[in-house]
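J.: Following this message is one structure expressed as structure tokens.
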Amino acid sequence: VCGDVIAPNAEGVDHDGPKVVNDHVEYAPGTARNIEALRQAGLFGLTLPRKYEGLNFPLVYFVMANEMVARADAGFENIWGLQDCAETLNEFASEELKAKYLPRVSRGETCAMDLTEPDAGSDLQAVMLKAHWDEAKGTWLLNGVKRFITNGDGHISLVLAELVGDRKMGLIKYVMSLMNAARLGIGAQSTGLSEAAYREALKYAQERMQFGKSIIEFPAVAEMLSNMKAKLYGSRAMLYETTRFVEIYKDYTHLSHDRKLTPEERAEMKTYTRLADAFTPMLKLMSSEYCNQLAYDAIQVFGGSGYMKDYPIERIYRDARITNIYEGTSQLQVVAAIRHVTTGTYLNQIREYEAQTYAADLGHVHQKLIAMREQYERAVEKVTAAGSNEFIDFHARRMVEMAAHIIIGYLLLRQASEVEEYRLSAQLYVKHGEAQNAAAAEYIAQSSPDDLDLITAVRQAE
């Protein structure tokens, strides 16, 4: 479906766009064909239970499918991928609501996610829209404003205000679960876009002739493509690892609705909830930033041709730019991730990866990662020892990205130990991470809380 329908429709959808007719959105003809093809293939309700006409697939398969849809058309992925709103209902809604809405999703109706307000973007605590029960009408009524609604004219809207599950649990539990799923969705979308950008650049570099040979034969271009591939593989490795963590804790959530969890199960659920909370913002940060980098580098491979509508890379470049903005900017992902630096979640997981067995002939890569972990520990200790939250915030992104480079390095090393294809990318990625971490560590080593005065001075001068 992605290769034969969605991808060929992508340029037409981008050109035609949706229209508003009688206060409702009419999709571009290509979008309508995409939805119908997926509906006929039975590819809605992937993770929903069979009792609601779903396919009961594990979350990791939905994420893989999301990635493929995004590679074909990242904009359309926002429509099809939002069926994960139904998973929030499946986790927390009453049986009455689930029976009412979930079969509709499985049959192909689309969802919308209504979170953002004019004065409440990432700060969901500032949401003003209220729901109140109207006794006379016997229904809940909403009073307020939403904007930037993803797939705003979808059949079913999941609105931050309505009563799903227990009252007062929306921001505490339900939206956090929804955001974990949303970050996975953007991780999949970013990885799909990265794959598309890499494939387009690789194909063009193989075909474009200059000075009597294809440009891929020039070391500068070959190196660029090799690094693009390493970042793509790194994004995908983190995407699947993060999905595994999210899936396990969500499975325990479903299980807890049927019976009381054992102490061992509760402990494991707590462990994977913490890992999911730590890895989803890191995934969103790294995959979206790499998505933008790969799209940028792909345009560079194409040169002036990449700026033209003759090739799909200019659309891919436009699609990539939103990924590190919506569902929480990269800066907000750092805010969500930094506590897992200071509490040791990332370090503990890195040590778990470090203790695993890898291919003997990749021992030099393992040793590099161990050295990077030691360097990361020293950097974190230097920052936290200052006893200043502002100083921690100042270096937060550097420390989160240092941890991410080590984690991705280990995930690729694990793959490289099992599959030959990943060996070169694993070594290239670790070399890249080594350089990035060395620069961050040196900056931190030369830094002190006095540096904050410089920032204050700049703010005051402005």
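Naming works like this for the structure tokens: A, B, ... for the chains as they're shown, residue 1 at the start of each chain, ligands 1 onward in shown order.
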May I have a table of the residues of range 252-332 of chain A lying at most 12 Å from range 13-17 of chain A, giving each one's closest pair of atoms and their distance in Å to one decimal, counting only C-alpha atoms, ordered by chain and ascending residue number, as CSV?
T.:
residue,atom,partner,partner_atom,distance
A:Lys309,CA,A:His15,CA,10.4
A:Pro312,CA,A:Asp14,CA,10.3
A:Glu314,CA,A:Asp14,CA,11.2
A:Arg315,CA,A:Asp14,CA,8.0
A:Ile316,CA,A:Asp14,CA,10.7
A:Arg318,CA,A:Asp14,CA,10.7
A:Asp319,CA,A:Asp14,CA,10.3
J.: Enumerate the residues of range 101-317 of chain A with a DSSP assignment of strand (DSSP E), computed from the backbone, and present them as an NGL selection string.
T.: :A and (111-114 or 130-134 or 139-143 or 156-159 or 209-210 or 213-214)
J.: Restricting it to N, CA and C atoms, dump the selection as a CSV table (one decimal), in the first residue's frame.
T.:
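File written: part-v2.csv
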chain,number,residue,atom,x,y,z
A,111,CYS,N,-8.9,10.1,13.5
A,111,CYS,CA,-8.9,10.7,14.8
A,111,CYS,C,-8.2,12.1,14.8
A,112,ALA,N,-8.5,12.9,15.7
A,112,ALA,CA,-7.9,14.2,15.9
A,112,ALA,C,-7.4,14.3,17.3
A,113,MET,N,-6.3,15.0,17.5
A,113,MET,CA,-5.7,15.2,18.9
A,113,MET,C,-5.8,16.7,19.2
A,114,ASP,N,-6.7,17.1,20.1
A,114,ASP,CA,-7.0,18.5,20.4
A,114,ASP,C,-6.4,18.8,21.8
A,130,LYS,N,-12.6,24.2,29.5
A,130,LYS,CA,-13.2,23.4,30.5
A,130,LYS,C,-14.4,22.6,30.0
A,131,ALA,N,-14.6,21.5,30.7
A,131,ALA,CA,-15.8,20.7,30.4
A,131,ALA,C,-16.7,20.8,31.6
A,132,HIS,N,-18.0,21.0,31.4
A,132,HIS,CA,-18.9,20.9,32.5
A,132,HIS,C,-20.2,20.2,32.1
A,133,TRP,N,-20.8,19.6,33.1
A,133,TRP,CA,-22.0,18.8,32.9
A,133,TRP,C,-23.2,19.6,32.9
A,134,ASP,N,-23.9,19.5,31.8
A,134,ASP,CA,-25.2,20.3,31.6
A,134,ASP,C,-26.4,19.4,32.0
A,139,THR,N,-25.6,16.2,29.1
A,139,THR,CA,-24.4,15.9,28.4
A,139,THR,C,-23.3,16.9,28.9
A,140,TRP,N,-22.0,16.5,28.5
A,140,TRP,CA,-20.9,17.4,28.8
A,140,TRP,C,-20.8,18.4,27.8
A,141,LEU,N,-20.5,19.7,28.1
A,141,LEU,CA,-20.3,20.8,27.2
A,141,LEU,C,-18.9,21.3,27.4
A,142,LEU,N,-18.3,21.7,26.3
A,142,LEU,CA,-16.9,22.3,26.3
A,142,LEU,C,-17.0,23.8,26.1
A,143,ASN,N,-16.2,24.5,26.9
A,143,ASN,CA,-16.1,26.0,26.7
A,143,ASN,C,-14.6,26.4,26.7
A,156,ILE,N,-13.3,11.5,15.0
A,156,ILE,CA,-13.3,11.4,16.5
A,156,ILE,C,-12.2,12.3,17.1
A,157,SER,N,-12.6,13.2,17.9
A,157,SER,CA,-11.6,14.1,18.5
A,157,SER,C,-11.3,13.7,20.0
A,158,LEU,N,-10.0,13.6,20.3
A,158,LEU,CA,-9.6,13.4,21.7
A,158,LEU,C,-9.2,14.7,22.2
A,159,VAL,N,-10.0,15.3,23.1
A,159,VAL,CA,-9.9,16.7,23.5
A,159,VAL,C,-9.3,16.7,25.0
A,209,MET,N,26.4,12.5,-12.8
A,209,MET,CA,27.8,12.4,-13.2
A,209,MET,C,28.4,13.8,-13.3
A,210,GLN,N,29.6,13.9,-12.7
A,210,GLN,CA,30.4,15.1,-12.8
A,210,GLN,C,31.9,14.7,-13.0
A,213,LYS,N,32.6,10.9,-13.7
A,213,LYS,CA,32.2,9.9,-12.7
A,213,LYS,C,31.0,10.3,-11.9
A,214,SER,N,30.4,9.3,-11.3
A,214,SER,CA,29.2,9.6,-10.4
A,214,SER,C,29.7,10.3,-9.2
J.: Which value, in Å to one decimal, gives the distance between CA of Ala28 in chain A and CA of Gly306 in chain A?
T.: 24.8 Å
J.: Measuring atom to atom with only C-alpha atoms, identify which of A:Ile392, A:Ile325, A:Ile408, A:Ile248 is nearest to Ile350 in chain A.
T.: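 Smallest distance to Ile350 in chain A is found for A:Ile408.
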J.: Give me the residues within 6 Å of range 409-418 of chain A as a list in words, counting only C-alpha atoms and dropping any in the same chain fewer than 4 places off.
T.: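 Near neighbours after the sequence-gap exclusion: Tyr358, Ala359, His405, Tyr422, Arg423, Ala426 and Val430 of chain A.
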J.: Once you have the residues from the selection above, write them out as a compact mmCIF listing (two decimals), in the first residue's frame, restricted to N, CA and C atoms.
T.:
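Okay, this is what ended up in out_17.txt:
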# COMPACT_ATOMS: atom_id res chain seq x y z
N TYR A 358 29.25 -8.67 23.29
CA TYR A 358 29.23 -8.25 21.88
C TYR A 358 30.29 -9.04 21.11
N ALA A 359 30.23 -8.95 19.79
CA ALA A 359 31.17 -9.67 18.94
C ALA A 359 32.61 -9.31 19.32
N HIS A 405 24.15 9.63 22.60
CA HIS A 405 25.18 9.09 21.69
C HIS A 405 25.71 7.75 22.21
N TYR A 422 25.17 -3.90 9.71
CA TYR A 422 25.21 -2.79 10.65
C TYR A 422 26.62 -2.43 11.12
N ARG A 423 27.60 -3.22 10.73
CA ARG A 423 28.93 -3.05 11.31
C ARG A 423 29.54 -1.69 10.98
N ALA A 426 27.66 1.15 12.74
CA ALA A 426 27.91 1.18 14.18
C ALA A 426 29.24 1.86 14.46
N VAL A 430 29.62 5.56 16.36
CA VAL A 430 30.39 5.73 17.60
C VAL A 430 31.49 6.76 17.40
J.: Under the rule that only C-alpha atoms are counted, which of A:Ala440, A:Ala386, A:Leu129, A:Met399 is the nearest residue to Ala161 in chain A?
T.: A:Leu129
J.: Excluding Ile6 in chain A and its own-chain neighbours fewer than 4 positions away, which residues fall within 9 Å of it when counting only C-alpha atoms? Please give them as a compact mmCIF listing (two decimals) with all heavy atoms, in the first residue's frame.
T.:
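Wrote it out as selection.txt, contents follow:
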# COMPACT_ATOMS: atom_id res chain seq x y z
N VAL A 1 0.84 -1.20 0.00
CA VAL A 1 0.00 0.00 0.00
C VAL A 1 0.88 1.26 0.00
O VAL A 1 0.61 2.21 -0.74
CB VAL A 1 -0.95 0.01 1.22
CG1 VAL A 1 -1.68 1.35 1.34
CG2 VAL A 1 -1.96 -1.12 1.13
N CYS A 2 1.91 1.28 0.82
CA CYS A 2 2.80 2.45 0.87
C CYS A 2 3.49 2.67 -0.48
O CYS A 2 3.57 3.81 -0.96
CB CYS A 2 3.84 2.28 1.97
SG CYS A 2 3.17 2.41 3.64
N ALA A 10 1.85 11.14 -3.18
CA ALA A 10 2.37 12.17 -2.29
C ALA A 10 2.53 13.53 -2.98
O ALA A 10 2.17 14.57 -2.41
CB ALA A 10 3.70 11.72 -1.70
N GLY A 30 -5.90 12.47 -3.51
CA GLY A 30 -4.91 11.43 -3.21
C GLY A 30 -5.01 10.96 -1.77
O GLY A 30 -4.82 9.76 -1.48
N THR A 31 -5.30 11.86 -0.85
CA THR A 31 -5.46 11.50 0.56
C THR A 31 -6.65 10.56 0.72
O THR A 31 -6.59 9.57 1.45
CB THR A 31 -5.66 12.75 1.43
OG1 THR A 31 -4.53 13.61 1.28
CG2 THR A 31 -5.80 12.36 2.90
N ARG A 33 -7.86 8.59 -1.50
CA ARG A 33 -7.50 7.27 -2.05
C ARG A 33 -6.61 6.50 -1.08
O ARG A 33 -6.74 5.28 -0.93
CB ARG A 33 -6.80 7.45 -3.40
CG ARG A 33 -7.70 7.92 -4.52
CD ARG A 33 -7.06 7.73 -5.88
NE ARG A 33 -5.85 8.51 -6.06
CZ ARG A 33 -5.82 9.76 -6.52
NH1 ARG A 33 -6.96 10.38 -6.83
NH2 ARG A 33 -4.68 10.40 -6.67
N ASN A 34 -5.71 7.21 -0.40
CA ASN A 34 -4.84 6.57 0.60
C ASN A 34 -5.67 5.93 1.71
O ASN A 34 -5.44 4.78 2.11
CB ASN A 34 -3.89 7.58 1.21
CG ASN A 34 -2.86 8.11 0.23
OD1 ASN A 34 -2.64 7.55 -0.83
ND2 ASN A 34 -2.23 9.22 0.59
N ALA A 37 -7.56 2.89 0.51
CA ALA A 37 -6.68 1.73 0.29
C ALA A 37 -6.33 1.06 1.61
O ALA A 37 -6.35 -0.18 1.73
CB ALA A 37 -5.41 2.16 -0.45
N VAL A 69 4.72 4.31 6.42
CA VAL A 69 3.77 5.30 5.91
C VAL A 69 4.45 6.67 5.82
O VAL A 69 4.27 7.40 4.84
CB VAL A 69 2.51 5.36 6.81
CG1 VAL A 69 1.61 6.52 6.40
CG2 VAL A 69 1.73 4.05 6.72
N ALA A 72 6.64 7.05 2.86
CA ALA A 72 5.87 7.26 1.64
C ALA A 72 5.32 8.68 1.57
O ALA A 72 5.38 9.33 0.52
CB ALA A 72 4.73 6.25 1.57
N ASP A 73 4.77 9.17 2.68
CA ASP A 73 4.23 10.53 2.75
C ASP A 73 4.08 10.91 4.22
O ASP A 73 3.13 10.47 4.89
CB ASP A 73 2.87 10.61 2.04
CG ASP A 73 2.29 12.02 2.03
OD1 ASP A 73 2.85 12.90 2.71
OD2 ASP A 73 1.28 12.24 1.35
N PHE A 76 0.73 12.45 5.37
CA PHE A 76 -0.37 11.50 5.51
C PHE A 76 -0.22 10.66 6.77
O PHE A 76 -1.22 10.23 7.36
CB PHE A 76 -0.46 10.60 4.28
CG PHE A 76 -1.57 9.60 4.38
CD1 PHE A 76 -2.89 9.99 4.28
CD2 PHE A 76 -1.29 8.26 4.61
CE1 PHE A 76 -3.93 9.08 4.40
CE2 PHE A 76 -2.31 7.34 4.73
CZ PHE A 76 -3.64 7.75 4.62
J.: Would you mind telling me which residue in A:Phe92, A:Pro29, A:Val60, A:Ala441 lies nearest to His257 in chain A when using only C-alpha atoms?
T.: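 Nearest to His257 in chain A: A:Phe92.
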J.: What are the DSSP helix (DSSP H, G or I) residues of range 27-120 of chain A, as a VMD selection string?
T.: chain A and resid 29 to 40 50 to 52 59 to 72 74 to 92 95 to 106
